[in-house]
$ cat run.cif   # mmCIF, C-alpha atoms
data_run
loop_
_atom_site.label_atom_id
_atom_site.label_comp_id
_atom_site.auth_asym_id
_atom_site.auth_seq_id
_atom_site.Cartn_x
_atom_site.Cartn_y
_atom_site.Cartn_z
CA MET A 1 69.07 -43.47 41.99
CA PRO A 2 68.87 -39.77 41.00
CA PRO A 3 68.30 -37.19 43.73
CA ILE A 4 64.69 -36.70 44.80
CA ASN A 5 63.27 -33.28 43.89
CA VAL A 6 61.36 -31.90 46.89
CA LEU A 7 59.30 -28.71 46.90
CA GLN A 8 58.29 -27.03 50.14
CA ILE A 9 55.14 -24.96 49.46
CA CYS A 10 53.91 -22.19 51.78
CA ASP A 11 51.21 -19.55 51.54
CA HIS A 12 53.57 -16.63 52.12
CA LEU A 13 56.95 -15.77 53.60
CA GLY A 14 56.01 -13.27 56.26
CA TRP A 15 53.38 -12.08 58.68
CA GLU A 16 52.12 -8.53 58.52
CA GLY A 17 54.56 -6.34 60.40
CA SER A 18 57.24 -9.01 60.85
CA ARG A 19 60.14 -10.46 58.92
CA MET A 20 61.79 -13.77 59.92
CA HIS A 21 58.77 -15.55 61.44
CA GLY A 22 58.75 -19.14 62.70
CA VAL A 23 58.08 -21.18 59.56
CA LYS A 24 60.45 -19.00 57.54
CA ARG A 25 63.19 -19.68 60.08
CA LEU A 26 62.38 -23.37 59.89
CA PHE A 27 62.98 -23.33 56.14
CA ALA A 28 66.30 -21.53 56.68
CA TRP A 29 67.42 -24.24 59.12
CA MET A 30 65.91 -27.26 57.43
CA ILE A 31 66.43 -27.01 53.69
CA PRO A 32 70.24 -26.55 53.65
CA ARG A 33 70.64 -29.61 55.93
CA PHE A 34 69.33 -32.17 53.45
CA ASP A 35 71.96 -34.37 51.82
CA GLU A 36 72.55 -32.83 48.38
CA ASN A 37 73.46 -36.23 46.97
CA ARG A 38 69.99 -37.56 47.85
CA PHE A 39 67.73 -34.51 47.61
CA ARG A 40 67.26 -31.27 45.73
CA VAL A 41 65.01 -29.16 47.96
CA SER A 42 63.46 -25.86 46.90
CA LEU A 43 60.78 -23.53 48.26
CA LEU A 44 57.66 -21.98 46.75
CA SER A 45 55.53 -19.12 48.07
CA LEU A 46 52.06 -18.79 46.56
CA ARG A 47 52.10 -15.04 47.19
CA LYS A 48 54.22 -12.14 46.03
CA LYS A 49 57.98 -11.95 46.17
CA ASP A 50 59.52 -11.52 49.61
CA LEU A 51 60.76 -7.94 49.94
CA SER A 52 62.04 -8.17 53.51
CA GLU A 53 65.66 -7.65 54.46
CA ASP A 54 65.99 -11.33 55.38
CA LYS A 55 65.36 -13.27 52.19
CA LEU A 56 65.62 -17.02 52.18
CA GLU A 57 67.43 -16.87 48.84
CA GLU A 58 70.48 -15.88 50.88
CA TYR A 59 70.66 -19.42 52.30
CA GLY A 60 71.61 -20.94 48.98
CA PHE A 61 68.50 -22.83 47.88
CA PRO A 62 66.01 -21.94 45.12
CA VAL A 63 62.96 -19.88 46.11
CA HIS A 64 60.03 -19.48 43.69
CA TYR A 65 56.98 -17.20 43.80
CA LEU A 66 53.62 -17.67 42.06
CA GLU A 67 52.53 -14.13 43.05
CA LYS A 68 48.87 -15.19 43.32
CA THR A 69 46.19 -13.68 45.54
CA ARG A 70 44.48 -15.70 48.23
CA PHE A 71 41.59 -17.27 46.28
CA ASP A 72 42.96 -16.98 42.75
CA PRO A 73 41.75 -20.06 40.77
CA SER A 74 44.70 -19.70 38.40
CA THR A 75 46.94 -20.83 41.27
CA LEU A 76 46.27 -24.49 40.47
CA PRO A 77 47.30 -24.52 36.79
CA SER A 78 50.32 -22.32 37.57
CA LEU A 79 51.36 -24.69 40.36
CA VAL A 80 50.94 -27.76 38.17
CA SER A 81 53.04 -26.12 35.47
CA LEU A 82 55.83 -25.30 37.93
CA LEU A 83 55.83 -28.80 39.41
CA ARG A 84 56.20 -30.26 35.94
CA ARG A 85 58.95 -27.83 34.96
CA LEU A 86 60.94 -28.54 38.11
CA GLU A 87 60.25 -32.29 37.83
CA ILE A 88 59.14 -32.40 41.45
CA ASP A 89 58.90 -35.86 43.04
CA VAL A 90 57.26 -34.96 46.37
CA ILE A 91 55.74 -31.85 47.96
CA GLN A 92 55.39 -30.73 51.57
CA THR A 93 52.75 -28.05 52.17
CA HIS A 94 52.42 -25.40 54.90
CA GLY A 95 49.29 -23.22 55.23
CA TYR A 96 45.67 -23.39 54.08
CA GLY A 97 46.27 -22.28 50.49
CA ALA A 98 49.36 -24.44 50.08
CA THR A 99 47.66 -27.55 51.45
CA THR A 100 44.58 -26.99 49.27
CA PHE A 101 46.24 -26.24 45.93
CA GLY A 102 49.20 -28.50 46.70
CA ARG A 103 47.11 -31.60 47.32
CA ALA A 104 45.05 -30.91 44.20
CA ALA A 105 48.18 -30.52 42.08
CA ALA A 106 49.78 -33.63 43.58
CA ALA A 107 46.68 -35.67 42.78
CA LEU A 108 46.68 -34.46 39.18
CA LEU A 109 50.35 -35.30 38.72
CA ARG A 110 50.25 -38.47 40.82
CA ILE A 111 53.10 -37.46 43.11
CA PRO A 112 53.14 -37.83 46.92
CA ASN A 113 52.19 -34.98 49.23
CA VAL A 114 52.83 -34.26 52.91
CA LEU A 115 50.64 -31.77 54.80
CA HIS A 116 52.54 -29.99 57.60
CA GLU A 117 50.47 -28.23 60.28
CA HIS A 118 52.25 -25.84 62.64
CA ALA A 119 49.45 -24.42 64.79
CA ASN A 120 46.35 -25.23 66.78
CA LEU A 121 43.85 -22.60 65.68
CA THR A 122 40.92 -24.46 67.33
CA ASP A 123 38.79 -24.26 64.19
CA THR A 124 39.09 -23.51 60.49
CA PRO A 125 37.15 -21.01 58.34
CA TRP A 126 34.04 -22.49 56.74
CA PHE A 127 35.57 -22.25 53.27
CA GLN A 128 38.55 -24.38 54.33
CA LYS A 129 36.38 -27.24 55.59
CA ILE A 130 35.26 -28.04 52.04
CA PRO A 131 38.71 -28.72 50.50
CA ASP A 132 39.93 -30.35 53.70
CA THR A 133 37.07 -32.84 53.54
CA ILE A 134 37.55 -33.46 49.81
CA PHE A 135 41.32 -33.86 49.98
CA ASN A 136 41.56 -36.04 53.10
CA PRO A 137 41.63 -39.26 51.00
CA LEU A 138 44.29 -37.69 48.76
CA THR A 139 46.62 -36.77 51.64
CA ASP A 140 49.49 -39.23 51.85
CA LEU A 141 50.53 -38.07 55.30
CA ALA A 142 50.00 -35.14 57.67
CA ILE A 143 52.60 -33.98 60.17
CA ALA A 144 51.60 -32.13 63.35
CA VAL A 145 54.13 -30.29 65.52
CA SER A 146 52.36 -31.00 68.83
CA LYS A 147 49.62 -33.15 70.31
CA SER A 148 47.15 -30.27 70.27
CA THR A 149 48.04 -29.55 66.64
CA ARG A 150 47.35 -33.21 65.86
CA ARG A 151 43.89 -32.86 67.43
CA PHE A 152 43.35 -29.74 65.33
CA CYS A 153 44.25 -31.68 62.18
CA ILE A 154 41.73 -34.37 63.05
CA ASP A 155 38.87 -32.33 64.51
CA ALA A 156 39.04 -29.14 62.47
CA ARG A 157 40.99 -30.05 59.34
CA LYS A 158 39.00 -33.28 58.82
CA LEU A 159 42.03 -35.55 58.43
CA SER A 160 41.76 -39.24 59.24
CA PRO A 161 43.54 -39.93 62.56
CA ASP A 162 45.79 -42.60 61.08
CA ARG A 163 47.15 -40.11 58.51
CA VAL A 164 48.31 -37.59 61.15
CA LYS A 165 51.69 -38.19 62.77
CA LEU A 166 53.23 -36.21 65.62
CA VAL A 167 56.73 -35.06 64.69
CA TYR A 168 58.43 -32.48 66.90
CA LEU A 169 60.63 -29.82 65.36
CA GLY A 170 63.88 -28.60 66.86
CA ALA A 171 66.67 -26.06 66.63
CA PRO A 172 70.19 -26.16 65.16
CA LEU A 173 72.08 -27.09 68.32
CA GLU A 174 75.41 -25.95 66.92
CA GLU A 175 74.03 -22.43 66.43
CA PHE A 176 72.26 -22.21 69.79
CA LYS A 177 74.89 -23.82 71.98
CA PRO A 178 75.45 -22.45 75.50
CA ARG A 179 77.60 -19.36 75.80
CA SER A 180 80.28 -18.73 78.39
CA PRO A 181 79.59 -16.08 81.06
CA GLU A 182 81.98 -13.77 79.22
CA GLU A 183 80.14 -14.29 75.94
CA GLU A 184 76.80 -13.65 77.64
CA ASP A 185 78.12 -10.42 79.11
CA ALA A 186 79.34 -9.40 75.65
CA SER A 187 75.86 -10.06 74.21
CA ARG A 188 74.30 -7.87 76.90
CA ARG A 189 76.69 -5.05 76.11
CA MET A 190 75.88 -5.39 72.41
CA MET A 191 72.18 -5.10 73.32
CA GLY A 192 72.97 -1.92 75.24
CA TYR A 193 73.05 -3.27 78.81
CA THR A 194 76.40 -2.27 80.30
CA ASP A 195 75.54 -2.48 84.02
CA PRO A 196 76.59 -6.00 85.16
CA LYS A 197 74.03 -5.87 87.97
CA ILE A 198 71.07 -5.71 85.57
CA ARG A 199 69.10 -8.97 85.21
CA LEU A 200 67.35 -9.50 81.89
CA ILE A 201 64.04 -11.34 81.49
CA GLY A 202 63.58 -11.85 77.76
CA THR A 203 61.23 -13.19 75.17
CA VAL A 204 61.69 -13.64 71.42
CA THR A 205 58.20 -13.44 70.05
CA ARG A 206 55.65 -12.25 67.55
CA LEU A 207 53.63 -9.33 68.92
CA HIS A 208 50.26 -11.00 68.39
CA GLU A 209 47.51 -11.87 70.87
CA SER A 210 48.39 -15.58 71.00
CA LYS A 211 51.82 -14.84 72.48
CA GLY A 212 50.37 -13.33 75.67
CA ASN A 213 52.79 -10.42 75.89
CA VAL A 214 50.14 -8.22 77.46
CA HIS A 215 50.39 -10.45 80.54
CA LEU A 216 54.19 -10.32 80.46
CA VAL A 217 54.03 -6.51 80.65
CA ASP A 218 51.63 -6.77 83.59
CA ALA A 219 54.04 -9.21 85.25
CA ALA A 220 56.90 -6.78 84.59
CA ALA A 221 55.07 -4.13 86.61
CA ILE A 222 54.80 -6.56 89.55
CA VAL A 223 58.42 -7.73 89.35
CA SER A 224 59.77 -4.19 88.99
CA LYS A 225 58.33 -3.17 92.37
CA LYS A 226 60.29 -5.93 94.09
CA ARG A 227 63.38 -6.16 91.92
CA PRO A 228 64.57 -2.77 90.60
CA ASP A 229 67.60 -4.48 89.03
CA VAL A 230 65.42 -6.30 86.47
CA ARG A 231 64.72 -5.27 82.88
CA PHE A 232 62.29 -6.98 80.53
CA VAL A 233 63.39 -7.41 76.92
CA VAL A 234 60.87 -8.05 74.13
CA VAL A 235 62.51 -9.07 70.85
CA GLY A 236 60.24 -9.21 67.82
CA GLU A 237 57.73 -7.36 65.70
CA GLY A 238 54.00 -7.35 65.19
CA PRO A 239 50.81 -5.30 65.15
CA LEU A 240 50.50 -5.08 68.95
CA GLN A 241 53.78 -3.26 69.55
CA THR A 242 52.22 0.18 69.96
CA ASP A 243 49.55 -1.19 72.30
CA LEU A 244 52.17 -2.91 74.43
CA GLU A 245 54.35 0.19 74.59
CA GLN A 246 51.33 2.23 75.68
CA GLN A 247 50.49 -0.39 78.30
CA ALA A 248 53.99 -0.15 79.74
CA ALA A 249 53.68 3.65 79.81
CA ARG A 250 50.33 3.48 81.66
CA LEU A 251 51.89 1.17 84.24
CA GLY A 252 54.85 3.53 84.66
CA ILE A 253 57.44 0.96 83.58
CA SER A 254 58.55 2.27 80.20
CA ASP A 255 62.08 2.33 81.60
CA LYS A 256 61.78 -1.31 82.66
CA VAL A 257 60.45 -2.88 79.45
CA ASP A 258 62.48 -2.55 76.25
CA PHE A 259 60.92 -3.36 72.87
CA LEU A 260 63.94 -4.10 70.72
CA GLY A 261 62.08 -5.06 67.55
CA PHE A 262 63.54 -7.43 64.99
CA GLN A 263 66.95 -8.89 65.81
CA LYS A 264 68.64 -10.87 63.07
CA ASP A 265 71.00 -12.60 65.51
CA VAL A 266 68.46 -14.44 67.67
CA ALA A 267 71.15 -16.55 69.33
CA SER A 268 72.96 -13.45 70.59
CA ALA A 269 69.69 -11.98 71.89
CA LEU A 270 68.89 -15.19 73.76
CA ALA A 271 72.42 -15.30 75.15
CA SER A 272 71.79 -11.96 76.86
CA PHE A 273 68.78 -13.26 78.83
CA HIS A 274 69.08 -14.48 82.40
CA ILE A 275 65.59 -16.00 82.09
CA ALA A 276 63.58 -16.83 78.96
CA ALA A 277 59.86 -16.15 79.32
CA PHE A 278 56.96 -17.71 77.38
CA PRO A 279 53.67 -16.05 78.39
CA SER A 280 51.73 -17.66 75.51
CA LEU A 281 47.96 -18.16 75.47
CA TRP A 282 48.09 -20.89 72.83
CA GLU A 283 50.82 -22.45 70.70
CA GLY A 284 51.76 -25.14 68.24
CA THR A 285 55.29 -25.47 69.54
CA PRO A 286 57.39 -22.30 69.15
CA LEU A 287 60.87 -22.73 67.74
CA THR A 288 62.17 -20.31 70.37
CA VAL A 289 61.55 -22.85 73.14
CA PHE A 290 63.93 -25.28 71.42
CA GLU A 291 66.49 -22.49 71.06
CA SER A 292 66.17 -21.54 74.74
CA LEU A 293 66.60 -25.16 75.84
CA ALA A 294 69.66 -25.54 73.61
CA MET A 295 71.26 -22.48 75.20
CA GLY A 296 70.53 -23.78 78.71
CA LYS A 297 68.32 -20.86 79.69
CA PRO A 298 66.13 -21.09 82.80
CA ILE A 299 62.58 -20.93 81.43
CA VAL A 300 59.32 -19.60 82.87
CA SER A 301 56.37 -20.62 80.73
CA THR A 302 52.61 -20.83 80.69
CA ASP A 303 50.85 -24.17 80.83
CA VAL A 304 49.59 -24.28 77.24
CA ASP A 305 49.56 -27.04 74.65
CA GLY A 306 52.74 -27.28 72.67
CA LEU A 307 54.89 -25.75 75.40
CA LYS A 308 53.87 -28.19 78.11
CA GLU A 309 54.73 -31.11 75.81
CA VAL A 310 58.36 -29.97 75.76
CA LEU A 311 58.68 -28.41 79.20
CA VAL A 312 58.48 -30.17 82.58
CA HIS A 313 57.59 -28.16 85.68
CA GLU A 314 60.45 -27.82 88.18
CA GLN A 315 62.75 -29.78 85.89
CA ASN A 316 63.59 -27.71 82.81
CA SER A 317 61.17 -24.85 83.56
CA LEU A 318 58.71 -23.30 85.96
CA ILE A 319 55.20 -23.52 84.52
CA VAL A 320 52.32 -21.22 85.48
CA PRO A 321 48.71 -20.78 84.31
CA PRO A 322 48.13 -18.56 81.26
CA ARG A 323 46.63 -15.10 81.72
CA ASP A 324 47.98 -14.92 85.29
CA PRO A 325 50.53 -12.09 85.63
CA ASP A 326 50.86 -12.64 89.39
CA ALA A 327 51.86 -16.28 88.92
CA LEU A 328 54.19 -15.34 86.08
CA ALA A 329 55.84 -12.65 88.21
CA SER A 330 56.20 -15.00 91.21
CA ALA A 331 57.90 -17.64 89.10
CA ILE A 332 60.32 -15.10 87.61
CA ILE A 333 61.24 -13.78 91.05
CA LYS A 334 61.71 -17.33 92.34
CA VAL A 335 64.23 -18.14 89.61
CA LEU A 336 66.01 -14.83 90.17
CA ASP A 337 66.26 -15.35 93.93
CA GLU A 338 67.16 -19.06 93.98
CA LYS A 339 70.47 -19.55 92.20
CA GLN A 340 70.44 -23.29 92.82
CA LEU A 341 67.03 -23.57 91.16
CA ALA A 342 68.19 -21.49 88.19
CA ALA A 343 71.23 -23.76 87.76
CA HIS A 344 69.01 -26.85 88.00
CA LEU A 345 66.64 -25.57 85.31
CA SER A 346 69.57 -24.62 83.09
CA GLN A 347 71.22 -28.04 83.42
CA ASN A 348 68.01 -29.88 82.59
CA ALA A 349 67.26 -27.56 79.68
CA LEU A 350 70.47 -28.81 78.07
CA VAL A 351 69.40 -32.41 78.72
CA SER A 352 66.07 -31.76 76.97
CA ALA A 353 67.71 -29.96 74.06
CA THR A 354 69.49 -33.11 72.91
CA ARG A 355 66.06 -34.49 71.96
CA PHE A 356 65.30 -31.55 69.69
CA ASP A 357 68.09 -31.13 67.17
CA ILE A 358 66.72 -29.93 63.82
CA GLN A 359 68.91 -32.54 62.12
CA VAL A 360 66.80 -35.26 63.75
CA PHE A 361 63.74 -33.77 62.05
CA VAL A 362 65.56 -33.50 58.70
CA ASP A 363 66.63 -37.14 58.94
CA LYS A 364 63.04 -38.21 59.53
CA MET A 365 61.84 -36.18 56.56
CA SER A 366 64.60 -37.69 54.41
CA SER A 367 63.44 -41.20 55.21
CA LEU A 368 59.84 -40.16 54.63
CA TYR A 369 60.51 -38.69 51.18
CA GLU A 370 62.40 -41.78 50.09
CA LEU A 371 59.61 -44.07 51.27
CA LEU A 372 56.89 -42.03 49.55
CA VAL A 373 58.72 -41.69 46.26
CA GLU A 374 59.77 -45.35 46.19
CA ARG A 375 56.16 -46.48 46.56
CA TYR A 376 54.85 -44.04 43.96
CA ARG A 377 57.53 -44.95 41.41
CA HIS A 378 56.49 -48.61 41.56
CA LEU A 379 52.79 -47.81 41.20
CA ARG A 380 51.19 -47.94 37.78
CA PHE A 381 47.78 -46.47 38.63
CA GLY A 382 46.01 -44.74 41.52
CA ARG A 383 47.65 -44.09 44.88
CA PRO A 384 49.44 -46.38 47.33
CA ARG A 385 47.60 -48.11 50.13
CA TRP A 386 49.51 -47.23 53.26
CA ASP A 387 49.87 -49.17 56.48
CA TYR A 388 50.06 -45.99 58.53
CA ASP A 389 50.96 -47.61 61.84
CA ARG A 390 53.72 -49.81 60.45
CA GLU A 391 55.23 -47.88 57.54
CA PHE A 392 55.37 -44.49 59.26
CA ALA A 393 56.19 -45.64 62.80
CA PHE A 394 59.73 -44.22 62.50
CA LEU A 395 58.34 -40.66 62.50
CA GLU A 396 56.79 -40.59 65.94
CA ASP A 397 58.39 -40.46 69.36
CA GLU A 398 55.93 -41.19 72.12
CA GLU A 399 58.57 -41.06 74.86
CA GLN A 400 58.21 -38.33 77.46
CA VAL A 401 59.63 -35.46 75.45
CA GLY A 402 61.04 -33.58 78.41
CA GLY A 403 63.76 -36.18 78.60
CA THR A 404 65.25 -38.21 81.45
CA PHE A 405 66.78 -35.85 83.97
CA PRO A 406 69.79 -36.54 86.18
CA GLU A 407 68.99 -38.20 89.51
CA GLY A 408 69.56 -36.10 92.55
CA ALA A 409 69.07 -32.82 90.72
CA VAL A 410 68.07 -29.95 92.92
CA SER A 411 64.32 -29.26 92.85
CA SER A 412 62.56 -26.13 93.94
#
$ encode --input "run.cif" --output "structure tokens"
Amino acid sequence: MPPINVLQICDHLGWEGSRMHGVKRLFAWMIPRFDENRFRVSLLSLRKKDLSEDKLEEYGFPVHYLEKTRFDPSTLPSLVSLLRRLEIDVIQTHGYGATTFGRAAAALLRIPNVLHEHANLTDTPWFQKIPDTIFNPLTDLAIAVSKSTRRFCIDARKLSPDRVKLVYLGAPLEEFKPRSPEEEDASRRMMGYTDPKIRLIGTVTRLHESKGNVHLVDAAAIVSKKRPDVRFVVVGEGPLQTDLEQQAARLGISDKVDFLGFQKDVASALASFHIAAFPSLWEGTPLTVFESLAMGKPIVSTDVDGLKEVLVHEQNSLIVPPRDPDALASAIIKVLDEKQLAAHLSQNALVSATRFDIQVFVDKMSSLYELLVERYRHLRFGRPRWDYDREFAFLEDEEQVGGTFPEGAVSS
């Protein structure tokens, strides 16, 4: 059997004001891990060519650009032409434009399509409801990265519940493996922190409202009054950076909160943290939480969908309400002060991480592509009739995702 040609289609390869955002990093991890003897996987952006310093072309797989604007009707014929030229067997789509034009093109060419939703945006724009309603019957399968994202697919994106499967992502465990104390100290020195007494509370994030960093800065002001040895490290870019820097200045903690911007070596940045913080207001499931678990970092997180599906309070994290800087600060101080608790959270983070290796996700997608293409290749007309519960059962894992933790572990 010849290799299956797979095309990952996304709207664009970057958010305004940022470079290697979540889905882009997912492509960088995922695509090179497919078995080259079974799959030829490439990537398409509907928008203009990626001009950032971190181009996915560097990872050794083909990247194509249609260079179309958001509502350009010529996107569909251009996409169909590209799919034919590349002899694509199956597509996986990410984003409103990609899922709209991708499903239309797949229907015209009679090839399978997989819709992949990464966020819970509560609702969709009015103009998206029309294609989502039309293309629901033409969607072979939809993948949601969290339970709340699955609800979003059903309630807002108008997908039939049986078509939407929950499939968690993960991180490359070999890249984000725990570091030795000496290696962690070296990472801190590389980040500019030479005083061994300094404790770093860090977050790798996009500087957008959903990430809740305004509340992390407020929490930093509270922690700093009680723990002068603590510094807060914000790694990432986004439109709110100036506002957050001004907030820190107003609170008199500019010397306690460092905005380090984009860091290409995320693993090294995470290695420098004593605690990883997730002050999010809403999430799909951020890739950084899988990275933090894999590195065995004690985690303080808000109780929001996506995060609370992966994290378990007082087992692999301390979980607090969103928009509550006092609770966030108290949890951070608790982990700093109680070394036994910090060790307990770190140990259980590593237990949880084994459930979220990106290779597990790639293996599931590999089986999915083969199933879809096999059924389509034996079909003369129309589309397959799927038994969604039976044929796609291998995708979902309904087990408690936090994992089974060692008995007798120290609790707070």
$ residues_around --input "run.cif" --residues "Lys297 of chain A" --least-positions-apart "5" --cutoff "10 Å" --atoms "all atoms listed in the file" --output "JSON, numbers by chain"
{"A": [178, 270, 271, 272, 273, 274, 275, 276, 277, 289, 291, 292, 316, 317, 342, 343, 345, 346, 347, 348, 349, 350]}
$ residues_around --input "run.cif" --residues "Thr302 of chain A" --least-positions-apart "3" --cutoff "8 Å" --atoms "all atoms listed in the file" --output "ChimeraX atom specification"
/A:278-281,307-308,319-322,328
$ resolve_selection --input "run.cif" --expression "the PyMOL selection byres ((chain A and resi 365-369) around 8)" --output "list in words"
Ile4, Phe34, Val90, Phe361, Val362, Asp363, Lys364, Glu370, Leu371, Leu372, Val373 and Phe392 of chain A
$ closest_residue --input "run.cif" --among "A:Ala104, A:Leu76, A:Leu51, A:Leu7" --to "Asp89 of chain A" --atoms "all atoms listed in the file"
A:Leu7
$ resolve_selection --input "run.cif" --expression "the PyMOL selection byres ((chain A and resi 50) around 10)" --output "ChimeraX atom specification"
/A:12-14,19,45,47-49,51-57,63-65,67
$ resolve_selection --input "run.cif" --expression "the PyMOL selection byres ((chain A and resi 216-227) around 8)" --output "ChimeraX atom specification"
/A:212-215,228-232,244,247-248,251-253,256-257,279,325-326,328-330,332-333
$ write_last_selection --input "run.cif" --atoms "C-alpha atoms" --output "PDB file, in the coordinates of the input"
ATOM      1  CA  GLY A 212      50.370 -13.330  75.670  1.00  0.00           C
ATOM      2  CA  ASN A 213      52.790 -10.420  75.890  1.00  0.00           C
ATOM      3  CA  VAL A 214      50.140  -8.220  77.460  1.00  0.00           C
ATOM      4  CA  HIS A 215      50.390 -10.450  80.540  1.00  0.00           C
ATOM      5  CA  PRO A 228      64.570  -2.770  90.600  1.00  0.00           C
ATOM      6  CA  ASP A 229      67.600  -4.480  89.030  1.00  0.00           C
ATOM      7  CA  VAL A 230      65.420  -6.300  86.470  1.00  0.00           C
ATOM      8  CA  ARG A 231      64.720  -5.270  82.880  1.00  0.00           C
ATOM      9  CA  PHE A 232      62.290  -6.980  80.530  1.00  0.00           C
ATOM     10  CA  LEU A 244      52.170  -2.910  74.430  1.00  0.00           C
ATOM     11  CA  GLN A 247      50.490  -0.390  78.300  1.00  0.00           C
ATOM     12  CA  ALA A 248      53.990  -0.150  79.740  1.00  0.00           C
ATOM     13  CA  LEU A 251      51.890   1.170  84.240  1.00  0.00           C
ATOM     14  CA  GLY A 252      54.850   3.530  84.660  1.00  0.00           C
ATOM     15  CA  ILE A 253      57.440   0.960  83.580  1.00  0.00           C
ATOM     16  CA  LYS A 256      61.780  -1.310  82.660  1.00  0.00           C
ATOM     17  CA  VAL A 257      60.450  -2.880  79.450  1.00  0.00           C
ATOM     18  CA  PRO A 279      53.670 -16.050  78.390  1.00  0.00           C
ATOM     19  CA  PRO A 325      50.530 -12.090  85.630  1.00  0.00           C
ATOM     20  CA  ASP A 326      50.860 -12.640  89.390  1.00  0.00           C
ATOM     21  CA  LEU A 328      54.190 -15.340  86.080  1.00  0.00           C
ATOM     22  CA  ALA A 329      55.840 -12.650  88.210  1.00  0.00           C
ATOM     23  CA  SER A 330      56.200 -15.000  91.210  1.00  0.00           C
ATOM     24  CA  ILE A 332      60.320 -15.100  87.610  1.00  0.00           C
ATOM     25  CA  ILE A 333      61.240 -13.780  91.050  1.00  0.00           C
TER      26      ILE A 333
END
$ residues_near_point --input "run.cif" --point "(54.9, -22.3, 42.9)" --cutoff "8 Å" --atoms "all atoms listed in the file" --output "PyMOL selection string"
chain A and resi 9+44-46+64-66+78-79+82-83
$ closest_residue --input "run.cif" --among "A:Trp282, A:Val167, A:Ser254, A:Gly202" --to "Ala393 of chain A" --atoms "all atoms listed in the file"
A:Val167
$ atom_distance --input "run.cif" --atom1 "atom CA of Arg38 of chain A" --atom2 "atom CA of Gln8 of chain A"
15.9 Å
$ residues_around --input "run.cif" --residues "Arg189 of chain A" --least-positions-apart "6" --cutoff "12 Å" --atoms "all atoms listed in the file" --output "list in words"
Glu182, Glu183, Asp195, Pro196, Ile198, Leu200, Ser268, Ala269, Ala271, Ser272 and Phe273 of chain A
$ write_last_selection --input "run.cif" --atoms "C-alpha atoms" --output "PDB file, in the coordinates of the input"
ATOM      1  CA  GLU A 182      81.980 -13.770  79.220  1.00  0.00           C
ATOM      2  CA  GLU A 183      80.140 -14.290  75.940  1.00  0.00           C
ATOM      3  CA  ASP A 195      75.540  -2.480  84.020  1.00  0.00           C
ATOM      4  CA  PRO A 196      76.590  -6.000  85.160  1.00  0.00           C
ATOM      5  CA  ILE A 198      71.070  -5.710  85.570  1.00  0.00           C
ATOM      6  CA  LEU A 200      67.350  -9.500  81.890  1.00  0.00           C
ATOM      7  CA  SER A 268      72.960 -13.450  70.590  1.00  0.00           C
ATOM      8  CA  ALA A 269      69.690 -11.980  71.890  1.00  0.00           C
ATOM      9  CA  ALA A 271      72.420 -15.300  75.150  1.00  0.00           C
ATOM     10  CA  SER A 272      71.790 -11.960  76.860  1.00  0.00           C
ATOM     11  CA  PHE A 273      68.780 -13.260  78.830  1.00  0.00           C
TER      12      PHE A 273
END
$ residues_around --input "run.cif" --residues "segment 172-174 of chain A" --least-positions-apart "4" --cutoff "10 Å" --atoms "only C-alpha atoms" --output "list in words"
Leu26, Trp29, Met30, Arg33, Pro178, Phe290, Glu291, Leu293, Ala294, Met295, Ala353, Thr354, Phe356, Asp357, Ile358, Gln359 and Val360 of chain A
$ residues_near_point --input "run.cif" --point "(58.4, -13.2, 71.7)" --cutoff "7 Å" --atoms "all atoms listed in the file" --output "PDB file with C-alpha atoms, in the coordinates of the input"
ATOM      1  CA  THR A 203      61.230 -13.190  75.170  1.00  0.00           C
ATOM      2  CA  VAL A 204      61.690 -13.640  71.420  1.00  0.00           C
ATOM      3  CA  THR A 205      58.200 -13.440  70.050  1.00  0.00           C
ATOM      4  CA  ARG A 206      55.650 -12.250  67.550  1.00  0.00           C
ATOM      5  CA  LEU A 207      53.630  -9.330  68.920  1.00  0.00           C
ATOM      6  CA  LYS A 211      51.820 -14.840  72.480  1.00  0.00           C
ATOM      7  CA  VAL A 234      60.870  -8.050  74.130  1.00  0.00           C
ATOM      8  CA  VAL A 235      62.510  -9.070  70.850  1.00  0.00           C
ATOM      9  CA  GLY A 236      60.240  -9.210  67.820  1.00  0.00           C
TER      10      GLY A 236
END
$ atom_distance --input "run.cif" --atom1 "atom CA of Leu311 of chain A" --atom2 "atom CA of His344 of chain A"
13.7 Å
$ atom_distance --input "run.cif" --atom1 "atom CA of Trp386 of chain A" --atom2 "atom CA of Phe101 of chain A"
22.5 Å
$ decode --input "run.cif" --residues "segment 48-62 of chain A" --atoms "C-alpha atoms" --output "compact mmCIF listing (two decimals), in the first residue's frame"
# COMPACT_ATOMS: atom_id res chain seq x y z
CA LYS A 48 0.35 34.73 3.55
CA LYS A 49 3.79 33.23 3.91
CA ASP A 50 5.17 32.99 7.43
CA LEU A 51 7.85 35.66 7.88
CA SER A 52 8.69 34.94 11.50
CA GLU A 53 12.11 33.81 12.66
CA ASP A 54 10.72 30.38 13.57
CA LYS A 55 9.48 28.88 10.32
CA LEU A 56 8.05 25.40 10.28
CA GLU A 57 9.92 24.68 7.05
CA GLU A 58 12.98 24.25 9.27
CA TYR A 59 11.49 21.02 10.66
CA GLY A 60 11.86 19.19 7.38
CA PHE A 61 8.30 18.85 6.09
CA PRO A 62 6.62 20.71 3.20
